[in-house]
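Structure below is model.cif: mmCIF, C-alpha atoms and all ligand atoms.
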```
data_data
#
loop_
_atom_site.label_atom_id
_atom_site.label_comp_id
_atom_site.auth_asym_id
_atom_site.auth_seq_id
_atom_site.Cartn_x
_atom_site.Cartn_y
_atom_site.Cartn_z
CA MET D 1 -3.07 -0.20 21.85
CA TYR D 2 0.67 0.05 21.25
CA LEU D 3 1.29 2.04 24.45
CA CYS D 4 1.27 -1.06 26.64
CA VAL D 5 3.92 -2.84 24.52
CA MET D 6 7.50 -2.27 25.68
CA ALA D 7 9.31 -1.95 22.38
CA ASN D 8 12.86 -2.48 23.50
CA TYR D 9 14.49 -2.00 20.12
CA PHE D 10 15.88 1.51 20.44
CA SER D 11 19.37 2.01 21.88
CA SER D 12 19.21 -1.50 23.33
CA ASN D 13 20.87 -4.93 23.07
CA PHE D 14 18.28 -6.04 20.50
CA THR D 15 19.86 -7.10 17.18
CA LEU D 16 18.11 -7.20 13.82
CA GLY D 17 19.66 -9.69 11.40
CA ILE D 18 19.53 -8.91 7.68
CA LEU D 19 20.23 -11.56 5.05
CA GLY D 20 21.78 -9.82 2.05
CA GLY D 21 24.00 -6.77 2.05
CA GLY D 22 23.10 -5.04 -1.23
CA GLN D 23 21.67 -1.61 -1.88
CA LEU D 24 18.24 -2.46 -0.46
CA GLY D 25 19.88 -3.44 2.81
CA LYS D 26 22.02 -0.32 2.75
CA MET D 27 18.94 1.90 2.43
CA MET D 28 17.25 -0.07 5.24
CA LEU D 29 20.26 0.66 7.41
CA TYR D 30 19.80 4.43 7.03
CA GLU D 31 16.58 3.84 8.96
CA THR D 32 18.03 1.53 11.63
CA ARG D 33 20.71 4.18 12.18
CA LYS D 34 17.97 6.80 12.50
CA PHE D 35 16.29 4.70 15.21
CA ASP D 36 19.58 3.48 16.75
CA ILE D 37 18.63 -0.17 16.19
CA THR D 38 21.58 -2.58 16.17
CA THR D 39 22.04 -4.66 13.01
CA HIS D 40 24.02 -7.66 11.82
CA VAL D 41 24.29 -8.35 8.07
CA LEU D 42 25.19 -11.56 6.20
CA ASP D 43 26.44 -11.29 2.61
CA PRO D 44 28.89 -13.26 0.45
CA SER D 45 30.84 -10.18 -0.61
CA LEU D 46 33.23 -8.19 1.56
CA GLU D 47 32.47 -5.26 -0.76
CA ALA D 48 28.71 -5.38 0.00
CA PRO D 49 27.12 -1.89 0.09
CA CYS D 50 25.76 -2.63 3.61
CA ARG D 51 29.17 -2.97 5.21
CA ILE D 52 29.56 0.73 5.87
CA ALA D 53 26.32 1.12 7.81
CA CYS D 54 25.70 -2.10 9.77
CA ASN D 55 26.96 -2.72 13.30
CA ALA D 56 28.29 -6.19 12.53
CA PHE D 57 29.00 -7.93 9.22
CA THR D 58 29.49 -11.62 8.46
CA GLN D 59 30.74 -12.87 5.13
CA GLY D 60 28.92 -16.01 4.04
CA ASP D 61 26.79 -17.86 1.50
CA LEU D 62 23.08 -16.94 1.76
CA MET D 63 22.05 -20.27 0.20
CA ASP D 64 24.07 -22.40 2.64
CA TYR D 65 21.96 -23.99 5.40
CA ASP D 66 24.60 -23.92 8.16
CA THR D 67 25.70 -20.36 7.41
CA VAL D 68 22.15 -18.97 7.51
CA TYR D 69 21.15 -21.06 10.53
CA THR D 70 24.23 -20.07 12.58
CA PHE D 71 23.75 -16.42 11.63
CA GLY D 72 20.04 -16.54 12.56
CA LYS D 73 20.83 -17.97 16.01
CA LYS D 74 22.85 -14.85 16.84
CA VAL D 75 20.13 -12.27 16.14
CA ASP D 76 16.74 -11.48 17.72
CA ILE D 77 14.63 -10.96 14.58
CA LEU D 78 15.65 -11.99 11.09
CA THR D 79 14.67 -10.30 7.82
CA PHE D 80 16.06 -10.37 4.26
CA GLU D 81 16.61 -7.96 1.42
CA ILE D 82 16.93 -10.65 -1.27
CA GLU D 83 14.74 -13.71 -1.93
CA GLY D 84 17.63 -16.04 -2.74
CA VAL D 85 18.25 -17.35 0.79
CA ASN D 86 18.18 -20.84 2.32
CA ILE D 87 14.54 -21.42 3.31
CA GLU D 88 15.19 -24.69 5.20
CA ALA D 89 17.41 -22.76 7.62
CA LEU D 90 14.66 -20.14 8.10
CA GLU D 91 12.14 -22.93 8.78
CA ALA D 92 14.43 -24.53 11.37
CA LEU D 93 14.95 -21.17 13.09
CA GLU D 94 11.19 -20.49 13.16
CA LYS D 95 10.58 -23.95 14.70
CA GLU D 96 12.92 -22.94 17.51
CA GLY D 97 10.90 -19.77 18.08
CA LYS D 98 12.97 -17.25 16.14
CA LYS D 99 10.95 -14.49 14.51
CA VAL D 100 11.60 -14.42 10.76
CA TYR D 101 9.82 -11.68 8.78
CA PRO D 102 8.62 -12.18 6.10
CA SER D 103 8.07 -15.79 7.18
CA ALA D 104 9.62 -18.84 5.56
CA LYS D 105 6.09 -19.84 4.46
CA THR D 106 5.60 -16.55 2.59
CA LEU D 107 8.99 -16.95 0.95
CA ARG D 108 8.19 -20.59 -0.03
CA ASN D 109 5.16 -19.34 -1.94
CA ILE D 110 7.18 -16.67 -3.75
CA GLN D 111 10.75 -17.89 -4.34
CA ASP D 112 9.76 -20.27 -7.15
CA LYS D 113 7.76 -18.58 -9.94
CA GLY D 114 5.82 -21.79 -10.69
CA VAL D 115 4.72 -22.08 -7.04
CA GLN D 116 3.90 -18.35 -6.97
CA LYS D 117 1.69 -18.59 -10.07
CA LYS D 118 -0.15 -21.64 -8.68
CA PHE D 119 -0.69 -19.68 -5.47
CA TYR D 120 -2.52 -16.98 -7.45
CA THR D 121 -4.73 -19.56 -9.12
CA THR D 122 -5.57 -21.20 -5.76
CA HIS D 123 -6.41 -17.82 -4.23
CA LYS D 124 -8.40 -16.62 -7.27
CA ILE D 125 -6.03 -13.71 -7.86
CA PRO D 126 -6.12 -12.54 -11.50
CA THR D 127 -2.92 -13.52 -13.32
CA ALA D 128 -1.92 -14.50 -16.89
CA PRO D 129 -2.68 -18.14 -17.83
CA PHE D 130 0.43 -20.34 -17.56
CA SER D 131 1.84 -23.88 -17.56
CA VAL D 132 4.75 -25.22 -15.52
CA PHE D 133 7.46 -27.40 -17.16
CA GLU D 134 10.27 -29.34 -15.49
CA THR D 135 12.64 -29.27 -18.46
CA ILE D 136 13.12 -27.36 -21.69
CA ALA D 137 12.64 -30.67 -23.58
CA LYS D 138 9.07 -30.78 -22.25
CA VAL D 139 8.48 -27.19 -23.43
CA LYS D 140 9.74 -28.12 -26.92
CA LYS D 141 7.48 -31.19 -26.97
CA ALA D 142 4.45 -29.10 -26.00
CA VAL D 143 5.25 -26.55 -28.74
CA ALA D 144 5.76 -29.32 -31.33
CA SER D 145 2.44 -30.96 -30.47
CA GLY D 146 0.59 -27.64 -30.60
CA GLU D 147 -0.41 -27.92 -26.94
CA LEU D 148 1.62 -24.73 -26.25
CA LYS D 149 1.00 -21.94 -28.75
CA LEU D 150 3.52 -19.29 -29.82
CA PRO D 151 4.11 -16.56 -28.82
CA PHE D 152 4.48 -17.02 -25.04
CA VAL D 153 6.68 -15.73 -22.24
CA TRP D 154 9.26 -18.15 -20.86
CA LYS D 155 10.33 -17.62 -17.24
CA SER D 156 12.80 -19.71 -15.27
CA CYS D 157 11.21 -20.77 -11.98
CA LYS D 158 14.20 -19.75 -9.90
CA GLY D 159 17.03 -17.26 -9.91
CA GLY D 160 15.59 -14.68 -12.35
CA TYR D 161 15.55 -10.97 -11.51
CA ASP D 162 15.41 -7.66 -13.40
CA GLY D 163 14.20 -9.41 -16.53
CA LYS D 164 17.02 -12.02 -16.50
CA GLY D 165 15.38 -15.40 -16.76
CA VAL D 166 12.47 -13.96 -18.79
CA GLN D 167 12.18 -14.23 -22.57
CA VAL D 168 9.39 -13.66 -25.05
CA ILE D 169 9.32 -16.71 -27.35
CA LYS D 170 8.12 -15.84 -30.82
CA ASN D 171 9.67 -18.76 -32.67
CA SER D 172 10.68 -22.22 -31.52
CA HIS D 173 14.39 -21.85 -32.49
CA ILE D 174 14.92 -19.57 -29.49
CA LEU D 175 14.08 -22.51 -27.23
CA ASP D 176 17.50 -24.02 -28.06
CA LEU D 177 19.20 -21.00 -26.46
CA LEU D 178 17.39 -21.28 -23.12
CA PRO D 179 18.89 -22.93 -20.04
CA ASP D 180 17.52 -26.34 -19.13
CA CYS D 181 15.72 -25.70 -15.85
CA PRO D 182 12.18 -25.80 -14.43
CA CYS D 183 10.22 -22.95 -16.00
CA ILE D 184 6.81 -21.51 -16.74
CA ALA D 185 5.30 -20.63 -20.09
CA GLU D 186 2.93 -17.71 -19.69
CA GLU D 187 0.48 -16.08 -22.04
CA LEU D 188 1.86 -12.87 -23.57
CA VAL D 189 -0.23 -10.08 -22.03
CA ALA D 190 -1.23 -7.07 -24.15
CA PHE D 191 -0.84 -4.30 -21.61
CA LYS D 192 -0.84 -0.53 -21.74
CA ASN D 193 0.85 0.02 -18.38
CA GLU D 194 2.98 -1.79 -15.86
CA LEU D 195 1.95 -0.73 -12.37
CA ALA D 196 3.10 -1.57 -8.86
CA VAL D 197 1.64 -1.19 -5.40
CA ILE D 198 3.65 -1.65 -2.22
CA VAL D 199 1.65 -3.10 0.66
CA VAL D 200 2.93 -2.98 4.22
CA ARG D 201 1.63 -5.26 6.97
CA ASN D 202 2.75 -5.81 10.56
CA PRO D 203 2.23 -8.93 12.74
CA SER D 204 -0.78 -7.20 14.36
CA ALA D 205 -2.28 -7.26 10.82
CA GLN D 206 -2.33 -3.47 10.40
CA VAL D 207 -2.19 -2.99 6.62
CA LYS D 208 -1.51 0.04 4.41
CA THR D 209 -0.81 0.55 0.71
CA TYR D 210 1.40 3.08 -1.00
CA PRO D 211 -0.02 4.95 -4.01
CA VAL D 212 0.08 3.17 -7.38
CA VAL D 213 3.29 3.75 -9.35
CA GLU D 214 3.73 3.45 -13.07
CA MET D 215 6.73 2.08 -14.94
CA GLU D 216 7.40 4.06 -18.08
CA PHE D 217 9.34 2.13 -20.70
CA HIS D 218 11.77 3.25 -23.36
CA PRO D 219 9.72 2.92 -26.57
CA GLN D 220 12.46 1.05 -28.48
CA ALA D 221 14.77 -0.58 -25.91
CA ASN D 222 11.84 -2.00 -23.85
CA GLN D 223 13.68 -1.05 -20.64
CA VAL D 224 12.02 0.64 -17.64
CA GLU D 225 13.21 4.21 -17.72
CA TYR D 226 11.12 5.97 -15.09
CA VAL D 227 9.11 4.89 -12.04
CA ILE D 228 6.44 7.54 -11.59
CA CYS D 229 4.40 8.22 -8.44
CA PRO D 230 1.51 8.76 -8.65
CA ALA D 231 0.79 6.73 -11.78
CA ARG D 232 -0.88 8.83 -14.46
CA ILE D 233 -3.94 6.59 -14.61
CA ASP D 234 -7.65 6.85 -14.01
CA ASP D 235 -8.69 6.96 -10.31
CA LYS D 236 -10.92 3.90 -10.78
CA VAL D 237 -8.03 1.85 -12.18
CA ALA D 238 -5.79 3.04 -9.33
CA ALA D 239 -8.41 2.03 -6.75
CA LYS D 240 -8.73 -1.40 -8.39
CA ALA D 241 -4.95 -1.87 -8.36
CA ARG D 242 -4.74 -1.00 -4.65
CA SER D 243 -7.62 -3.32 -3.78
CA ILE D 244 -6.08 -6.25 -5.71
CA ALA D 245 -2.74 -5.57 -3.98
CA ILE D 246 -4.49 -5.85 -0.61
CA GLU D 247 -6.11 -9.13 -1.67
CA VAL D 248 -2.65 -10.45 -2.62
CA SER D 249 -1.22 -9.26 0.69
CA LYS D 250 -4.00 -11.00 2.65
CA ALA D 251 -3.44 -14.23 0.75
CA PHE D 252 0.29 -14.28 1.50
CA GLU D 253 -0.20 -13.16 5.13
CA HIS D 254 3.18 -11.48 4.76
CA VAL D 255 4.83 -9.31 7.37
CA GLY D 256 6.90 -6.39 6.11
CA LEU D 257 6.69 -4.98 2.62
CA LEU D 258 5.15 -6.73 -0.37
CA ALA D 259 5.66 -5.10 -3.77
CA VAL D 260 2.90 -6.25 -6.12
CA GLU D 261 3.73 -5.81 -9.82
CA MET D 262 0.73 -5.68 -12.11
CA PHE D 263 -0.29 -5.19 -15.73
CA GLN D 264 -3.06 -2.80 -16.75
CA THR D 265 -4.40 -4.53 -19.85
CA ASN D 266 -5.66 -2.70 -22.92
CA ASP D 267 -9.21 -3.17 -21.62
CA ASP D 268 -8.31 -1.86 -18.13
CA GLN D 269 -8.20 -5.20 -16.32
CA ILE D 270 -5.59 -5.46 -13.58
CA ILE D 271 -3.65 -8.71 -13.51
CA VAL D 272 -0.85 -9.63 -11.15
CA ASN D 273 2.55 -10.31 -12.68
CA GLU D 274 4.68 -11.09 -9.63
CA VAL D 275 5.48 -10.00 -6.09
CA ALA D 276 8.61 -9.25 -4.09
CA PRO D 277 8.45 -9.61 -0.28
CA ARG D 278 10.89 -6.80 0.52
CA PRO D 279 11.71 -3.16 -0.24
CA HIS D 280 11.51 -2.69 -3.98
CA ASN D 281 12.86 -0.56 -6.79
CA SER D 282 9.34 0.76 -7.39
CA GLY D 283 9.38 2.32 -3.89
CA HIS D 284 12.72 4.12 -4.00
CA TYR D 285 10.95 7.41 -4.82
CA SER D 286 9.47 7.25 -1.29
CA ILE D 287 12.78 8.26 0.35
CA GLU D 288 12.31 11.81 -0.92
CA ALA D 289 8.60 11.94 -1.77
CA SER D 290 6.68 10.13 1.02
CA TYR D 291 5.88 10.89 4.65
CA THR D 292 7.31 7.49 5.60
CA ASN D 293 9.68 5.86 3.14
CA GLN D 294 9.47 2.14 2.30
CA PHE D 295 12.63 1.24 4.24
CA GLU D 296 11.48 2.86 7.50
CA GLN D 297 8.09 1.26 6.89
CA HIS D 298 9.66 -2.21 6.54
CA ILE D 299 11.48 -1.76 9.87
CA ARG D 300 8.28 -0.54 11.56
CA ALA D 301 6.34 -3.52 10.17
CA ILE D 302 8.74 -6.32 11.12
CA LEU D 303 9.13 -4.89 14.64
CA ASP D 304 5.32 -4.66 14.98
CA LEU D 305 5.47 -0.91 15.50
CA PRO D 306 2.68 1.43 14.29
CA LEU D 307 2.87 1.85 10.52
CA GLY D 308 3.68 5.29 9.09
CA ASN D 309 1.81 7.44 6.61
CA THR D 310 2.17 6.03 3.08
CA ALA D 311 0.94 9.18 1.31
CA SER D 312 3.27 11.33 -0.79
CA LYS D 313 4.27 14.88 0.09
CA LEU D 314 5.30 15.53 -3.51
CA GLY D 315 5.24 13.88 -6.92
CA GLY D 316 8.25 11.56 -7.24
CA ILE D 317 10.08 9.96 -10.14
CA MET D 318 12.92 7.45 -9.97
CA VAL D 319 15.52 6.93 -12.67
CA ASN D 320 17.83 3.90 -12.40
CA LEU D 321 21.53 4.48 -12.79
CA VAL D 322 22.89 1.51 -14.70
CA GLY D 323 26.33 0.93 -16.16
CA GLU D 324 26.77 2.15 -19.74
CA GLN D 325 27.46 -0.39 -22.44
CA ASN D 326 31.17 -0.78 -23.29
CA HIS D 327 32.24 0.39 -19.82
CA THR D 328 33.75 -2.07 -17.34
CA GLY D 329 36.00 -1.18 -14.41
CA ASP D 330 36.36 1.50 -11.71
CA VAL D 331 33.20 3.58 -11.78
CA ALA D 332 32.75 7.31 -12.46
CA TYR D 333 29.48 9.27 -12.44
CA GLN D 334 29.76 11.64 -15.38
CA ASN D 335 27.90 14.99 -15.03
CA ILE D 336 26.68 14.25 -11.50
CA GLU D 337 27.27 17.88 -10.46
CA GLU D 338 25.15 19.02 -13.38
CA ILE D 339 22.11 16.96 -12.35
CA MET D 340 22.52 18.02 -8.71
CA ALA D 341 22.08 21.63 -9.83
CA MET D 342 18.57 20.74 -11.05
CA ASP D 343 15.53 21.36 -8.81
CA GLY D 344 14.52 18.49 -6.52
CA VAL D 345 17.13 16.04 -7.80
CA THR D 346 18.87 13.59 -5.42
CA PRO D 347 21.31 10.92 -6.60
CA HIS D 348 21.75 7.71 -4.60
CA ILE D 349 25.04 5.92 -5.15
CA TYR D 350 24.94 2.32 -3.94
CA GLY D 351 28.67 1.99 -3.38
CA LYS D 352 29.64 -0.64 -5.94
CA LYS D 353 33.18 0.22 -6.95
CA GLN D 354 33.13 -1.54 -10.31
CA THR D 355 30.73 -0.81 -13.15
CA ARG D 356 29.76 -3.17 -15.97
CA PRO D 357 27.14 -2.89 -18.71
CA PHE D 358 23.61 -2.64 -17.21
CA ARG D 359 24.78 -3.18 -13.59
CA LYS D 360 22.47 -1.29 -11.17
CA MET D 361 24.84 1.25 -9.62
CA GLY D 362 22.40 3.72 -8.11
CA HIS D 363 19.27 5.71 -8.77
CA VAL D 364 18.17 9.33 -8.95
CA THR D 365 14.97 10.70 -7.44
CA ILE D 366 13.25 13.77 -8.81
CA VAL D 367 10.56 15.42 -6.66
CA ASN D 368 8.23 18.22 -7.60
CA GLU D 369 4.74 19.43 -6.67
CA ASN D 370 3.80 18.90 -10.30
CA ILE D 371 4.37 15.39 -11.68
CA ASP D 372 4.63 16.64 -15.28
CA THR D 373 7.40 19.07 -14.29
CA ALA D 374 9.12 16.22 -12.44
CA ARG D 375 8.86 14.11 -15.60
CA GLU D 376 10.52 16.85 -17.68
CA ILE D 377 13.38 17.18 -15.18
CA ALA D 378 13.71 13.37 -15.05
CA GLN D 379 14.27 13.30 -18.79
CA LYS D 380 17.07 15.87 -18.50
CA VAL D 381 18.62 13.82 -15.69
CA LYS D 382 18.45 10.68 -17.77
CA GLN D 383 20.05 12.39 -20.78
CA ARG D 384 22.93 13.91 -18.78
CA ILE D 385 24.15 11.48 -16.15
CA LYS D 386 26.19 8.49 -17.35
CA VAL D 387 27.73 5.64 -15.40
CA ILE D 388 31.08 5.01 -17.03
CA SER D 389 34.46 3.50 -16.19
CA LYS D 390 37.39 5.76 -15.40
P1 LIG S 401 11.66 -10.33 -13.22
O1 LIG S 401 11.39 -11.23 -12.06
O2 LIG S 401 12.96 -10.62 -13.88
O3 LIG S 401 11.44 -8.87 -12.91
P2 LIG S 401 9.10 -10.28 -14.64
O4 LIG S 401 8.17 -11.42 -14.48
O5 LIG S 401 8.75 -9.03 -13.90
O6 LIG S 401 10.58 -10.77 -14.32
O7 LIG S 401 9.23 -9.93 -16.18
C1 LIG S 401 10.10 -8.92 -16.66
C2 LIG S 401 9.37 -8.07 -17.69
O8 LIG S 401 8.91 -8.90 -18.79
C3 LIG S 401 8.09 -7.43 -17.15
O9 LIG S 401 8.38 -6.23 -16.47
C4 LIG S 401 7.30 -7.23 -18.43
O10 LIG S 401 7.73 -6.07 -19.12
C5 LIG S 401 7.65 -8.45 -19.26
N1 LIG S 401 6.65 -9.53 -19.05
C6 LIG S 401 6.65 -10.45 -18.05
N2 LIG S 401 5.60 -11.29 -18.15
C7 LIG S 401 4.90 -10.91 -19.24
C8 LIG S 401 3.71 -11.37 -19.88
N3 LIG S 401 3.03 -12.44 -19.46
N4 LIG S 401 3.29 -10.71 -20.99
C9 LIG S 401 3.97 -9.65 -21.48
N5 LIG S 401 5.10 -9.17 -20.93
C10 LIG S 401 5.57 -9.77 -19.82
#
```
Can you give me the file's structure in the form of structure tokens?
Amino acid sequence: MYLCVMANYFSSNFTLGILGGGQLGKMMLYETRKFDITTHVLDPSLEAPCRIACNAFTQGDLMDYDTVYTFGKKVDILTFEIEGVNIEALEALEKEGKKVYPSAKTLRNIQDKGVQKKFYTTHKIPTAPFSVFETIAKVKKAVASGELKLPFVWKSCKGGYDGKGVQVIKNSHILDLLPDCPCIAEELVAFKNELAVIVVRNPSAQVKTYPVVEMEFHPQANQVEYVICPARIDDKVAAKARSIAIEVSKAFEHVGLLAVEMFQTNDDQIIVNEVAPRPHNSGHYSIEASYTNQFEQHIRAILDLPLGNTASKLGGIMVNLVGEQNHTGDVAYQNIEEIMAMDGVTPHIYGKKQTRPFRKMGHVTIVNENIDTAREIAQKVKQRIKVISK
């Protein structure tokens, strides 16, 4: 079916535009380089990790209508590696016939957490019960009247990522510390696992899912320490998670990657937490462990090329490299040689020159035929490598 389509992307004048020049874009560019596909990246920072690998770079504000619109006019297909982009500009470009993947409509349903949660309710996708509030004063009023019961999870509708903009509210005094913005109050879910499934879909509606991954948390710090593929869960639960992820994908009609984050509740229900319409942290393991990694898969999908094999060749574990507390300034990766001497260990350094506490500076992948062995090596990696300032 694909043989009759002249895909004129390779070593041609075709240009793929990418909004956002962070590490996700940088890893996408390894793949466009592999295929010799020309790229143009827009990012506000001249130090963006993408700068070293794209063919053309424009510095500019991703939320500014004119900047995004003018950039979009110059490229043949537009994609993004960050959700915080000007949607009105994407809509205008689409109206003029520009291909934008994922579409502005998909992004509209995702960018605002309140809209995203309502979308799940409309499409009968299992998710935690929630209410949307326009101001923090309205949240306080609902708590005072007993309409909203403690504890609950507060989430700002816009701008939150990596747990910023999310807070468990156990007593009403904490409400005074929250920013005054539109938000949701969500039921606190009792879960035994956080899982994720990446779904890939092309405009011809070919769909595939990656295996279920599991986020293992630090028991005290409540921080994700390891992303493990495959998740160490029952096959039935894994099958349910993949089938719900496909349902979510169908509902959004997205093109490209969709990372679906889910909770496995104590009674083995799967409920959807949130989605990201782009390559995702939970798929970084795929660079070393999968037949086709998530970044290549995203490129294949948005160009309507045949999708690659999503299966794993090996067990894979990802450890985030984040800046140590009390370290700010020029970055150094302490003991990196030591971890590179371990079996199946590959560090990825995103290229941010300055570290600060908890800043995502890179990640390390550990692959092994045996996932338990990989997990043991991952722990050693985690204990040894430190992101510090010089
Ligand atoms: P972000 O967009 O910042 O990643 P999430 O919605 O994924 O925000 O929330 C961050 C973390 O907070 C989750 O990974 C999970 O550990 C916890 N969390 C989020 N929602 C709930 C909930 N309803 N119940 C319990 N924990 C939650």
Please report as CSV every residue of chain D lying within 10 Å of ligand LIG 401 (chain S), along with the nearest atom pair and their distance in Å (one decimal), using only C-alpha atoms and all ligand atoms.
```
residue,atom,partner,partner_atom,distance
D:Lys113,CA,S:LIG401,O1,8.5
D:Thr127,CA,S:LIG401,N3,8.6
D:Ala128,CA,S:LIG401,N3,5.9
D:Pro129,CA,S:LIG401,N3,8.2
D:Phe130,CA,S:LIG401,N3,8.5
D:Pro151,CA,S:LIG401,N4,9.8
D:Phe152,CA,S:LIG401,N3,7.4
D:Val153,CA,S:LIG401,N3,5.6
D:Trp154,CA,S:LIG401,N2,8.2
D:Lys155,CA,S:LIG401,O4,7.1
D:Ser156,CA,S:LIG401,O1,9.2
D:Cys157,CA,S:LIG401,O1,9.5
D:Lys158,CA,S:LIG401,O1,9.2
D:Gly159,CA,S:LIG401,O1,8.5
D:Gly160,CA,S:LIG401,O2,5.1
D:Tyr161,CA,S:LIG401,O2,3.5
D:Asp162,CA,S:LIG401,O2,3.9
D:Gly163,CA,S:LIG401,O2,3.2
D:Lys164,CA,S:LIG401,O2,5.0
D:Gly165,CA,S:LIG401,O2,6.1
D:Val166,CA,S:LIG401,O7,5.8
D:Gln167,CA,S:LIG401,O8,7.3
D:Val168,CA,S:LIG401,N5,7.5
D:Ala185,CA,S:LIG401,N3,8.5
D:Glu186,CA,S:LIG401,N3,5.3
D:Glu187,CA,S:LIG401,N3,5.1
D:Leu188,CA,S:LIG401,N4,3.7
D:Val189,CA,S:LIG401,N4,3.7
D:Ala190,CA,S:LIG401,C9,6.4
D:Phe191,CA,S:LIG401,C9,7.2
D:Asn193,CA,S:LIG401,O10,9.2
D:Glu194,CA,S:LIG401,O9,7.0
D:Leu195,CA,S:LIG401,O9,9.4
D:Met215,CA,S:LIG401,O9,8.6
D:Phe217,CA,S:LIG401,O10,8.5
D:Asn222,CA,S:LIG401,O10,7.5
D:Gln223,CA,S:LIG401,O10,7.9
D:Val224,CA,S:LIG401,O9,7.9
D:Glu261,CA,S:LIG401,O5,7.2
D:Met262,CA,S:LIG401,O9,8.8
D:Phe263,CA,S:LIG401,C4,8.3
D:Thr265,CA,S:LIG401,N4,9.9
D:Ile271,CA,S:LIG401,N3,9.7
D:Val272,CA,S:LIG401,N3,9.6
D:Asn273,CA,S:LIG401,O4,6.0
D:Glu274,CA,S:LIG401,O4,6.0
D:Val275,CA,S:LIG401,O1,8.5
D:Ala276,CA,S:LIG401,O1,8.7
```
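Here CA of Thr70 (chain D) is placed at a distance of 26.7 Å from CA of Glu296 (chain D).
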Open item on the list: Please determine, counting only C-alpha atoms, which residue among D:Ile302, D:His254, D:Ile388, D:Phe358 has the shortest atom-to-atom distance to Asn335 (chain D).
Closed with: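 Under the stated criterion, the closest residue is D:Ile388.
Considering the residues D:Arg108, D:Lys170, D:Arg201, D:Arg278 and counting all atoms listed in the file, Gly308 (chain D) has its shortest atom-to-atom contact with D:Arg201.
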- [ ] Identify which of the residues D:Gly60, D:Gly283, D:Pro44, D:Pro306 lies closest to Ala205 (chain D), counting all atoms listed in the file when measuring atom-to-atom distances.
- [x] D:Pro306
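Shortest atom-to-atom contact with His280 (chain D) among D:Pro102, D:Gly315, D:Gly25, D:Gly20: D:Gly25, counting all atoms listed in the file.
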TODO: For CA of Ile299 (chain D) and CA of Val364 (chain D), quote the distance in Å rounded to one decimal.
DONE: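 Spanning CA of Ile299 (chain D) to CA of Val364 (chain D) is a straight-line distance of 22.8 Å.
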Task: Among listed residues D:Ala378, D:Cys50, D:Ala238, D:Ile169, nearest Thr346 (chain D) (using all atoms listed in the file) - done: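 The closest residue to Thr346 (chain D) is D:Ala378.
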Task: Non-local contacts of Ala311 (chain D) (8 Å; all atoms listed in the file; under 4 positions in same chain excluded) as a PyMOL selection string - done: chain D and resi 210-211+290-292
Open item on the list: Rounded to one decimal, what separation in Å do you get between CA of Arg300 (chain D) and CA of Ala92 (chain D)?
Closed with: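 CA of Ala92 (chain D) lies 24.8 Å from CA of Arg300 (chain D).
The shortest atom-to-atom distance to Val248 (chain D), with all atoms listed in the file taken into account, belongs to D:Thr121 out of D:Thr121, D:Gln325, D:Asn309, D:Ser286.
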- [ ] Find the residues with any atom within 12 Å of (6.0, 13.5, -14.1); use all atoms listed in the file and the coordinates as given in the file, and write the answer as a PyMOL selection string.
- [x] chain D and resi 213-216+226-232+314-319+365-379
Task: Ref. answer, residues at most 9 Å from (26.4, -16.5, 7.5) with all atoms listed in the file, as a list in words - done: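 Result, sorted by chain then residue number: Leu19, Val41, Leu42, Asp43, Pro44, Thr58, Gln59, Gly60, Asp61, Leu62, Asp64, Tyr65, Asp66, Thr67, Val68, Tyr69, Thr70, Phe71 and Gly72 of chain D.
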Restricted to C-alpha atoms, what would the selected residues look like written as a PDB file, in the frame of the given file?
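Result written to result-v4.pdb:
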```pdb
ATOM      1  CA  LEU D  19      20.230 -11.560   5.050  1.00  0.00           C
ATOM      2  CA  VAL D  41      24.290  -8.350   8.070  1.00  0.00           C
ATOM      3  CA  LEU D  42      25.190 -11.560   6.200  1.00  0.00           C
ATOM      4  CA  ASP D  43      26.440 -11.290   2.610  1.00  0.00           C
ATOM      5  CA  PRO D  44      28.890 -13.260   0.450  1.00  0.00           C
ATOM      6  CA  THR D  58      29.490 -11.620   8.460  1.00  0.00           C
ATOM      7  CA  GLN D  59      30.740 -12.870   5.130  1.00  0.00           C
ATOM      8  CA  GLY D  60      28.920 -16.010   4.040  1.00  0.00           C
ATOM      9  CA  ASP D  61      26.790 -17.860   1.500  1.00  0.00           C
ATOM     10  CA  LEU D  62      23.080 -16.940   1.760  1.00  0.00           C
ATOM     11  CA  ASP D  64      24.070 -22.400   2.640  1.00  0.00           C
ATOM     12  CA  TYR D  65      21.960 -23.990   5.400  1.00  0.00           C
ATOM     13  CA  ASP D  66      24.600 -23.920   8.160  1.00  0.00           C
ATOM     14  CA  THR D  67      25.700 -20.360   7.410  1.00  0.00           C
ATOM     15  CA  VAL D  68      22.150 -18.970   7.510  1.00  0.00           C
ATOM     16  CA  TYR D  69      21.150 -21.060  10.530  1.00  0.00           C
ATOM     17  CA  THR D  70      24.230 -20.070  12.580  1.00  0.00           C
ATOM     18  CA  PHE D  71      23.750 -16.420  11.630  1.00  0.00           C
ATOM     19  CA  GLY D  72      20.040 -16.540  12.560  1.00  0.00           C
TER      20      GLY D  72
END
```
TODO: For Ala251 (chain D), work out the shell of residues within 10 Å, counting all atoms listed in the file and skipping chain neighbours fewer than 6 positions away, then give it as a ChimeraX atom specification.
DONE: /D:106,119-120,122-125,245
Task: Residues near Ser12 (chain D), cut-off 8 Å, only C-alpha atoms, skip fewer than 3 positions along chain, as a list of chain:residue names - done: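 Surrounding residues, per the criterion: D:Asn8, D:Tyr9, D:Ile37, D:Thr38.
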Open item on the list: Need the shell around Gln111 (chain D): protein/DNA/RNA residues with any atom at most 8 Å away, counting all atoms listed in the file. Skip same-chain ones fewer than 3 positions apart. Format as a list in words?
Closed with: Glu83, Gly84, Leu107, Arg108, Val115, Gln116 and Lys158 of chain D
